[in-house]
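First comes the structure, then the notes that go with it.
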Amino acid sequence: MKTAVVTGGAGFIGSHLCEVLIEKGNRVICVDNLVTGSKLNISHLLKRKSFRFVKHDITKPLKVKGQVDRIFNLASPASPKDFSRIPVEIMMTNSLGTKNMLDLAVEKKAMFLETSTSEVYGQPLEHPQKETYLGNVNTIGERSCYDESKRFAEALVYSYARKTGIETRTARIFNTYGPRMGLDDGRVTPNFIMQALEGKLLTIYGNGKQTRSFCFVTDMVAGLIALMESDYSKPVNLGNPHEMTVKEFAEAVLKISKSKSSLSFTKLPEDDPARRKPDISLAKKKLGWAPKVGLEEGLAKTIEWFKQQNS
Ligand code: NAD
Ligand code: UDP
């Protein structure tokens with residue numbers, strides 16, 4: 001039985017990861033300060049003997065008794081809505097917080113996985129994005145608190161690996177969606193689904209021609225575990241390469257939810273990436289991983305979950 005620390009474990013992706021790690025027979029210590037996560041996401045796990053929740057802010061050092069074998073570092077707000085609400089907290093979490101978790105990895109001789117992001121590519125000038133692309137990030141824009149602190153986190157991870165010899169993994173996660181995204185999270189999936197279910201206008205930012213590639217959360221969790229257990233230590237893109245415009249995504253939400261809502265168009269936020277699609281050849285080659293859940297199936301499951309929360 002291995003012990004895994006999952007920071008951000010009460011969040012959207014983190015709670016699904018905790019669940020699968022427990023199903024696979026691991027002990028899980030979920031560490032979260034609940035800034036964007038919720039105990040409701042892990043309420044079904046709290047009674048399991050192999051699961052422990054620790055309310056803790058990772059910008060403070062963490063003491064853990066006993067052996068730790070794996071650290072999955074997912075703590076960080078990830079919605080653009082939070083970039084203007086709590087920018088300094090985001091920067092401290094991804095810098096000092098990541099350092100504290102790397103120190104724990106050194107102390108425990110644990111393997112460490114950082115959840116980086118497609119945002120390290122910024123407004124990408126290469127399409128689709130490969131791991132070798134160095135990015136095009138505005139260092140002073142509204143998204144910079146997130147983009148630059150995730151870039152710093154990557155640099156920190158590789159500095160620790162070189163200096164201390166710990167084993168590290170880096171996942172560059174692309175847009176992921178599914179049940180347990182906060183209803184008021186502000187990202188496109190919860191916004192469109194809630195608007196569709198409540199008969200409101202779906203708020204498209206800009207003309208809706210910008211693209212994203214949406215990955216269902218179970219595929220993402222499988223990718224994160226495969227990466228941790230692989231012997232590949234450089235950054236790996238994880239995401240679904242099925243690219244679509246935001247307008248097409250809104251239309252898919254309307255169709256699958258059978259909503260009679262319409263679309264509205266408002267201002268595009270600063271530095272909103274125009275195109276985003278992962279090149280996942282490396283993940284296929286090194287991890288034998290590719291997403292399995294198509295958009296219709298994933299959206300249907302997500303909409304069903306939002307309906308239950310909203311009833
Ligand atoms: P989320 O907001 O649902 O989860 C993040 C969790 O981290 C929350 O539970 C929050 O309370 C916790 N947290 C934040 N700051 C903390 C701190 N200082 N100490 C302890 N806990 C803290 O978001 P998510 O979508 O599940 O994202 C999880 C990770 O994946 C994040 O690191 C994010 O940057 C990364 N990521 C997500 C996506 C995506 O599309 N969902 C894309 C790229 C990268
Ligand atoms: N978006 C939108 N309406 C919304 C929320 C988001 O049109 O209500 C757009 C946003 O401008 C971006 C895309 O949807 O182009 C994805 O946004 P999200 O906030 O989910 O994440 P991002 O990929 O920008 O980090």
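Identifiers in the structure tokens: chain A, B, ... in order shown; residue index from 1 per chain; ligand index from 1 in order shown.
Look at segment 94-103 of chain A: the protein and nucleic acid residues within 6 Å of it, using only C-alpha atoms and passing over chain neighbours fewer than 3 places away, are A:Ile58, A:Thr59, A:Pro61, A:Met91, A:Val106, A:Ser149, A:Ala153.
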For those residues, write C-alpha atoms to a file as an mmCIF file, in the first residue's frame.
```cif
data_model
loop_
_atom_site.group_PDB
_atom_site.id
_atom_site.type_symbol
_atom_site.label_atom_id
_atom_site.label_comp_id
_atom_site.auth_asym_id
_atom_site.auth_seq_id
_atom_site.Cartn_x
_atom_site.Cartn_y
_atom_site.Cartn_z
ATOM 1 C CA ILE A 58 0.474 24.869 1.276
ATOM 2 C CA THR A 59 2.162 28.261 1.441
ATOM 3 C CA PRO A 61 5.342 24.087 5.478
ATOM 4 C CA MET A 91 1.367 33.399 -7.127
ATOM 5 C CA VAL A 106 12.931 15.624 -0.417
ATOM 6 C CA SER A 149 3.716 31.357 -11.348
ATOM 7 C CA ALA A 153 6.755 26.211 -10.517
#
```
Residue contacts of Asn175 of chain A (10 Å, only C-alpha atoms) excluding same-chain residues fewer than 5 positions away, as number ranges by chain = A: 117-119, 187-189, 212-217, 220, 238-240, 276-278
Lys150 of chain A proximity check over A:Arg172, A:Arg275, A:Lys109, A:His127, using only C-alpha atoms: winner is A:Arg172
So that each row is one residue of chain A with an atom at most 7 Å from ligand 1, can you give its shortest atom pair and the distance in Å to one decimal, using only C-alpha atoms and all ligand atoms, rows by chain and rising number, as JSON lines?
```
{"residue": "A:Thr7", "atom": "CA", "partner": "ligand 1", "partner_atom_place_in_ligand_line": "21 (N)", "distance": 5.9}
{"residue": "A:Gly8", "atom": "CA", "partner": "ligand 1", "partner_atom_place_in_ligand_line": "7 (O)", "distance": 3.3}
{"residue": "A:Gly9", "atom": "CA", "partner": "ligand 1", "partner_atom_place_in_ligand_line": "9 (O)", "distance": 5.8}
{"residue": "A:Ala10", "atom": "CA", "partner": "ligand 1", "partner_atom_place_in_ligand_line": "9 (O)", "distance": 4.3}
{"residue": "A:Gly11", "atom": "CA", "partner": "ligand 1", "partner_atom_place_in_ligand_line": "9 (O)", "distance": 3.1}
{"residue": "A:Phe12", "atom": "CA", "partner": "ligand 1", "partner_atom_place_in_ligand_line": "26 (O)", "distance": 3.7}
{"residue": "A:Ile13", "atom": "CA", "partner": "ligand 1", "partner_atom_place_in_ligand_line": "26 (O)", "distance": 3.8}
{"residue": "A:Gly14", "atom": "CA", "partner": "ligand 1", "partner_atom_place_in_ligand_line": "26 (O)", "distance": 5.5}
{"residue": "A:Val31", "atom": "CA", "partner": "ligand 1", "partner_atom_place_in_ligand_line": "20 (C)", "distance": 6.1}
{"residue": "A:Asp32", "atom": "CA", "partner": "ligand 1", "partner_atom_place_in_ligand_line": "21 (N)", "distance": 3.6}
{"residue": "A:Asn33", "atom": "CA", "partner": "ligand 1", "partner_atom_place_in_ligand_line": "20 (C)", "distance": 4.1}
{"residue": "A:Leu34", "atom": "CA", "partner": "ligand 1", "partner_atom_place_in_ligand_line": "11 (O)", "distance": 3.4}
{"residue": "A:Val35", "atom": "CA", "partner": "ligand 1", "partner_atom_place_in_ligand_line": "11 (O)", "distance": 3.9}
{"residue": "A:Thr36", "atom": "CA", "partner": "ligand 1", "partner_atom_place_in_ligand_line": "11 (O)", "distance": 4.0}
{"residue": "A:Gly37", "atom": "CA", "partner": "ligand 1", "partner_atom_place_in_ligand_line": "9 (O)", "distance": 3.1}
{"residue": "A:Ser38", "atom": "CA", "partner": "ligand 1", "partner_atom_place_in_ligand_line": "9 (O)", "distance": 6.2}
{"residue": "A:His56", "atom": "CA", "partner": "ligand 1", "partner_atom_place_in_ligand_line": "20 (C)", "distance": 5.6}
{"residue": "A:Asp57", "atom": "CA", "partner": "ligand 1", "partner_atom_place_in_ligand_line": "19 (N)", "distance": 3.5}
{"residue": "A:Ile58", "atom": "CA", "partner": "ligand 1", "partner_atom_place_in_ligand_line": "19 (N)", "distance": 4.1}
{"residue": "A:Thr59", "atom": "CA", "partner": "ligand 1", "partner_atom_place_in_ligand_line": "18 (N)", "distance": 5.4}
{"residue": "A:Asn73", "atom": "CA", "partner": "ligand 1", "partner_atom_place_in_ligand_line": "32 (O)", "distance": 6.9}
{"residue": "A:Leu74", "atom": "CA", "partner": "ligand 1", "partner_atom_place_in_ligand_line": "32 (O)", "distance": 4.0}
{"residue": "A:Ala75", "atom": "CA", "partner": "ligand 1", "partner_atom_place_in_ligand_line": "7 (O)", "distance": 3.4}
{"residue": "A:Ser76", "atom": "CA", "partner": "ligand 1", "partner_atom_place_in_ligand_line": "14 (C)", "distance": 3.9}
{"residue": "A:Pro77", "atom": "CA", "partner": "ligand 1", "partner_atom_place_in_ligand_line": "2 (O)", "distance": 4.3}
{"residue": "A:Ala78", "atom": "CA", "partner": "ligand 1", "partner_atom_place_in_ligand_line": "34 (O)", "distance": 4.6}
{"residue": "A:Ser79", "atom": "CA", "partner": "ligand 1", "partner_atom_place_in_ligand_line": "2 (O)", "distance": 6.9}
{"residue": "A:Glu89", "atom": "CA", "partner": "ligand 1", "partner_atom_place_in_ligand_line": "18 (N)", "distance": 7.0}
{"residue": "A:Ile90", "atom": "CA", "partner": "ligand 1", "partner_atom_place_in_ligand_line": "15 (N)", "distance": 6.8}
{"residue": "A:Thr93", "atom": "CA", "partner": "ligand 1", "partner_atom_place_in_ligand_line": "18 (N)", "distance": 4.5}
{"residue": "A:Gly97", "atom": "CA", "partner": "ligand 1", "partner_atom_place_in_ligand_line": "18 (N)", "distance": 6.3}
{"residue": "A:Thr115", "atom": "CA", "partner": "ligand 1", "partner_atom_place_in_ligand_line": "32 (O)", "distance": 5.2}
{"residue": "A:Ser116", "atom": "CA", "partner": "ligand 1", "partner_atom_place_in_ligand_line": "44 (C)", "distance": 5.6}
{"residue": "A:Thr117", "atom": "CA", "partner": "ligand 1", "partner_atom_place_in_ligand_line": "43 (C)", "distance": 4.1}
{"residue": "A:Ser118", "atom": "CA", "partner": "ligand 1", "partner_atom_place_in_ligand_line": "43 (C)", "distance": 6.1}
{"residue": "A:Arg172", "atom": "CA", "partner": "ligand 1", "partner_atom_place_in_ligand_line": "44 (C)", "distance": 6.7}
{"residue": "A:Ile173", "atom": "CA", "partner": "ligand 1", "partner_atom_place_in_ligand_line": "43 (C)", "distance": 4.2}
{"residue": "A:Phe174", "atom": "CA", "partner": "ligand 1", "partner_atom_place_in_ligand_line": "42 (C)", "distance": 4.8}
{"residue": "A:Asn175", "atom": "CA", "partner": "ligand 1", "partner_atom_place_in_ligand_line": "40 (O)", "distance": 3.5}
{"residue": "A:Thr176", "atom": "CA", "partner": "ligand 1", "partner_atom_place_in_ligand_line": "40 (O)", "distance": 3.7}
{"residue": "A:Tyr177", "atom": "CA", "partner": "ligand 1", "partner_atom_place_in_ligand_line": "41 (N)", "distance": 6.2}
{"residue": "A:Met181", "atom": "CA", "partner": "ligand 1", "partner_atom_place_in_ligand_line": "3 (O)", "distance": 6.0}
{"residue": "A:Gly182", "atom": "CA", "partner": "ligand 1", "partner_atom_place_in_ligand_line": "3 (O)", "distance": 6.8}
```
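Selecting all polymer residues at most 7 Å from ligand 2, using only C-alpha atoms and all ligand atoms, gives Ser79, Pro80, Asn175, Gly186, Arg187, Val188, Thr189, Asn191, Phe192, Leu202, Thr203, Ile204, Tyr205, Gly206, Gly208, Gln210, Thr211, Arg212, Val246, Leu268, Pro269, Asp272 and Pro273 of chain A.
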Got time to write the residues from that selection, N, CA and C atoms, as a short mmCIF file (atom, residue, chain, number, x, y, z; two decimals), in the first residue's frame?
```cif
data_model
loop_
_atom_site.label_atom_id
_atom_site.label_comp_id
_atom_site.auth_asym_id
_atom_site.auth_seq_id
_atom_site.Cartn_x
_atom_site.Cartn_y
_atom_site.Cartn_z
N SER A 79 -9.31 29.14 -12.25
CA SER A 79 -10.29 29.83 -13.10
C SER A 79 -9.86 31.28 -13.34
N PRO A 80 -9.95 31.75 -14.60
CA PRO A 80 -9.63 33.16 -14.88
C PRO A 80 -10.37 34.13 -13.96
N ASN A 175 -7.51 22.32 -20.97
CA ASN A 175 -8.89 22.47 -20.44
C ASN A 175 -9.55 21.13 -20.11
N GLY A 186 -16.78 29.97 -12.76
CA GLY A 186 -16.48 31.04 -13.71
C GLY A 186 -15.87 30.55 -15.01
N ARG A 187 -15.43 29.27 -15.05
CA ARG A 187 -14.88 28.77 -16.30
C ARG A 187 -16.02 28.44 -17.26
N VAL A 188 -15.65 28.22 -18.52
CA VAL A 188 -16.68 28.16 -19.56
C VAL A 188 -17.68 27.02 -19.35
N THR A 189 -17.22 25.85 -18.90
CA THR A 189 -18.15 24.72 -18.78
C THR A 189 -19.23 24.98 -17.73
N ASN A 191 -20.20 27.83 -16.50
CA ASN A 191 -21.01 28.99 -16.91
C ASN A 191 -22.08 28.57 -17.92
N PHE A 192 -21.65 27.91 -19.00
CA PHE A 192 -22.59 27.57 -20.08
C PHE A 192 -23.65 26.58 -19.57
N LEU A 202 -26.40 32.28 -22.95
CA LEU A 202 -25.03 31.78 -22.76
C LEU A 202 -24.06 32.91 -23.13
N THR A 203 -23.20 33.26 -22.19
CA THR A 203 -22.34 34.44 -22.35
C THR A 203 -21.05 34.09 -23.09
N ILE A 204 -21.05 34.28 -24.40
CA ILE A 204 -19.82 34.04 -25.17
C ILE A 204 -18.96 35.29 -25.09
N TYR A 205 -17.70 35.11 -24.71
CA TYR A 205 -16.78 36.24 -24.65
C TYR A 205 -16.14 36.41 -26.04
N GLY A 206 -16.19 37.62 -26.57
CA GLY A 206 -15.66 37.87 -27.92
C GLY A 206 -16.64 37.31 -28.95
N GLY A 208 -16.53 34.25 -30.15
CA GLY A 208 -16.70 32.80 -29.99
C GLY A 208 -15.88 31.98 -30.97
N GLN A 210 -12.59 31.82 -30.86
CA GLN A 210 -11.41 31.26 -30.19
C GLN A 210 -11.65 29.77 -29.94
N THR A 211 -10.57 28.98 -29.92
CA THR A 211 -10.76 27.53 -29.78
C THR A 211 -10.19 27.01 -28.46
N ARG A 212 -10.77 25.90 -28.03
CA ARG A 212 -10.27 25.13 -26.89
C ARG A 212 -10.47 23.66 -27.23
N VAL A 246 -15.37 28.16 -29.22
CA VAL A 246 -16.20 28.34 -28.02
C VAL A 246 -17.68 28.40 -28.42
N LEU A 268 -14.27 40.28 -24.98
CA LEU A 268 -13.25 39.24 -24.79
C LEU A 268 -12.26 39.70 -23.72
N PRO A 269 -11.98 38.86 -22.69
CA PRO A 269 -11.00 39.27 -21.67
C PRO A 269 -9.59 39.43 -22.26
N ASP A 272 -6.88 36.53 -23.76
CA ASP A 272 -7.58 35.25 -23.92
C ASP A 272 -6.96 34.51 -25.12
N PRO A 273 -6.35 33.33 -24.91
CA PRO A 273 -5.68 32.65 -26.03
C PRO A 273 -6.65 32.38 -27.19
#
```
Name the residues of segment 136-261 of chain A that come out as helix (DSSP H, G or I) in a backbone DSSP run; write them as a VMD selection string.
-> chain A and resid 144 to 164 188 to 197 217 to 228 246 to 257
Glu229 of chain A proximity check over A:Leu45, A:Val6, A:Leu113, A:Cys18, using only C-alpha atoms: winner is A:Leu113
Can you check which parts of segment 119-220 of chain A lie within 7 Å of segment 289-310 of chain A? Per residue, the shortest pair of atoms and distance in Å to one decimal, counting only C-alpha atoms, sorted by chain and number, as CSV.
```
residue,atom,partner,partner_atom,distance
A:Gly178,CA,A:Thr302,CA,4.9
A:Pro179,CA,A:Thr302,CA,4.9
A:Ile193,CA,A:Ile303,CA,6.4
A:Phe216,CA,A:Gly298,CA,5.8
A:Asp219,CA,A:Pro291,CA,5.2
```
Those same residues, written as a PDB file, in the first residue's frame with C-alpha atoms?
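New file result13.pdb:
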```pdb
ATOM      1  CA  GLY A 178     -16.602  17.248 -15.596  1.00  0.00           C
ATOM      2  CA  PRO A 179     -18.680  16.778 -12.450  1.00  0.00           C
ATOM      3  CA  ILE A 193     -24.217  24.584 -18.327  1.00  0.00           C
ATOM      4  CA  PHE A 216     -13.144  14.769 -19.560  1.00  0.00           C
ATOM      5  CA  ASP A 219      -9.269  10.711 -18.791  1.00  0.00           C
TER       6      ASP A 219
END
```
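From atom CA of Lys81 of chain A back to atom CA of Glu142 of chain A, the distance works out to 10.0 Å.
In the backbone-derived DSSP annotation, strand (DSSP E) within segment 169-301 of chain A comprises A:Arg169, A:Thr170, A:Ala171, A:Arg172, A:Ile173, A:Thr176, A:Tyr177, A:Leu202, A:Thr203, A:Ile204, A:Tyr205, A:Thr211, A:Arg212, A:Ser213, A:Cys215, A:Phe216, A:Val236, A:Asn237, A:Leu238, A:Glu243, A:Met244, A:Thr245, A:Leu263, A:Ser264, A:Phe265, A:Thr266.
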At most 10 Å is the cut-off: for each residue in segment 15-119 of chain A with any atom that close to an atom of segment 225-228 of chain A, write down the nearest atom pair and the distance in Å rounded to one decimal, counting only C-alpha atoms, chain first then increasing number, as JSON lines.
```
{"residue": "A:Leu17", "atom": "CA", "partner": "A:Ile225", "partner_atom": "CA", "distance": 8.3}
{"residue": "A:Val20", "atom": "CA", "partner": "A:Ile225", "partner_atom": "CA", "distance": 9.1}
{"residue": "A:Leu21", "atom": "CA", "partner": "A:Ile225", "partner_atom": "CA", "distance": 8.4}
{"residue": "A:Arg70", "atom": "CA", "partner": "A:Met228", "partner_atom": "CA", "distance": 8.2}
{"residue": "A:Ile71", "atom": "CA", "partner": "A:Met228", "partner_atom": "CA", "distance": 9.3}
{"residue": "A:Phe72", "atom": "CA", "partner": "A:Met228", "partner_atom": "CA", "distance": 8.4}
{"residue": "A:Met111", "atom": "CA", "partner": "A:Met228", "partner_atom": "CA", "distance": 7.7}
{"residue": "A:Phe112", "atom": "CA", "partner": "A:Met228", "partner_atom": "CA", "distance": 7.8}
{"residue": "A:Leu113", "atom": "CA", "partner": "A:Met228", "partner_atom": "CA", "distance": 6.4}
{"residue": "A:Glu114", "atom": "CA", "partner": "A:Met228", "partner_atom": "CA", "distance": 9.6}
```
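Going from atom CA of Leu104 of chain A to atom CA of Lys39 of chain A covers 23.9 Å.
Among the candidate residues A:His242, A:Lys200, A:Arg143, A:Arg52, the one lying nearest to Ser264 of chain A is A:Lys200, with distances computed using only C-alpha atoms.
Distance annotation: of A:Gln195, A:Ala105, A:Glu148, A:Arg180, the residue with the minimal separation from Tyr160 of chain A is A:Ala105; atom set is only C-alpha atoms.
The shell of residues at most 9 Å from Ala283 of chain A, with only C-alpha atoms counted and near chain neighbours (fewer than 2 positions) removed, consists of Gly223, Leu227, Val236, Asn237, Leu238, Asp279, Ile280, Ser281, Lys285, Lys286, Leu287, Gly288, Trp289 and Ala290 of chain A.
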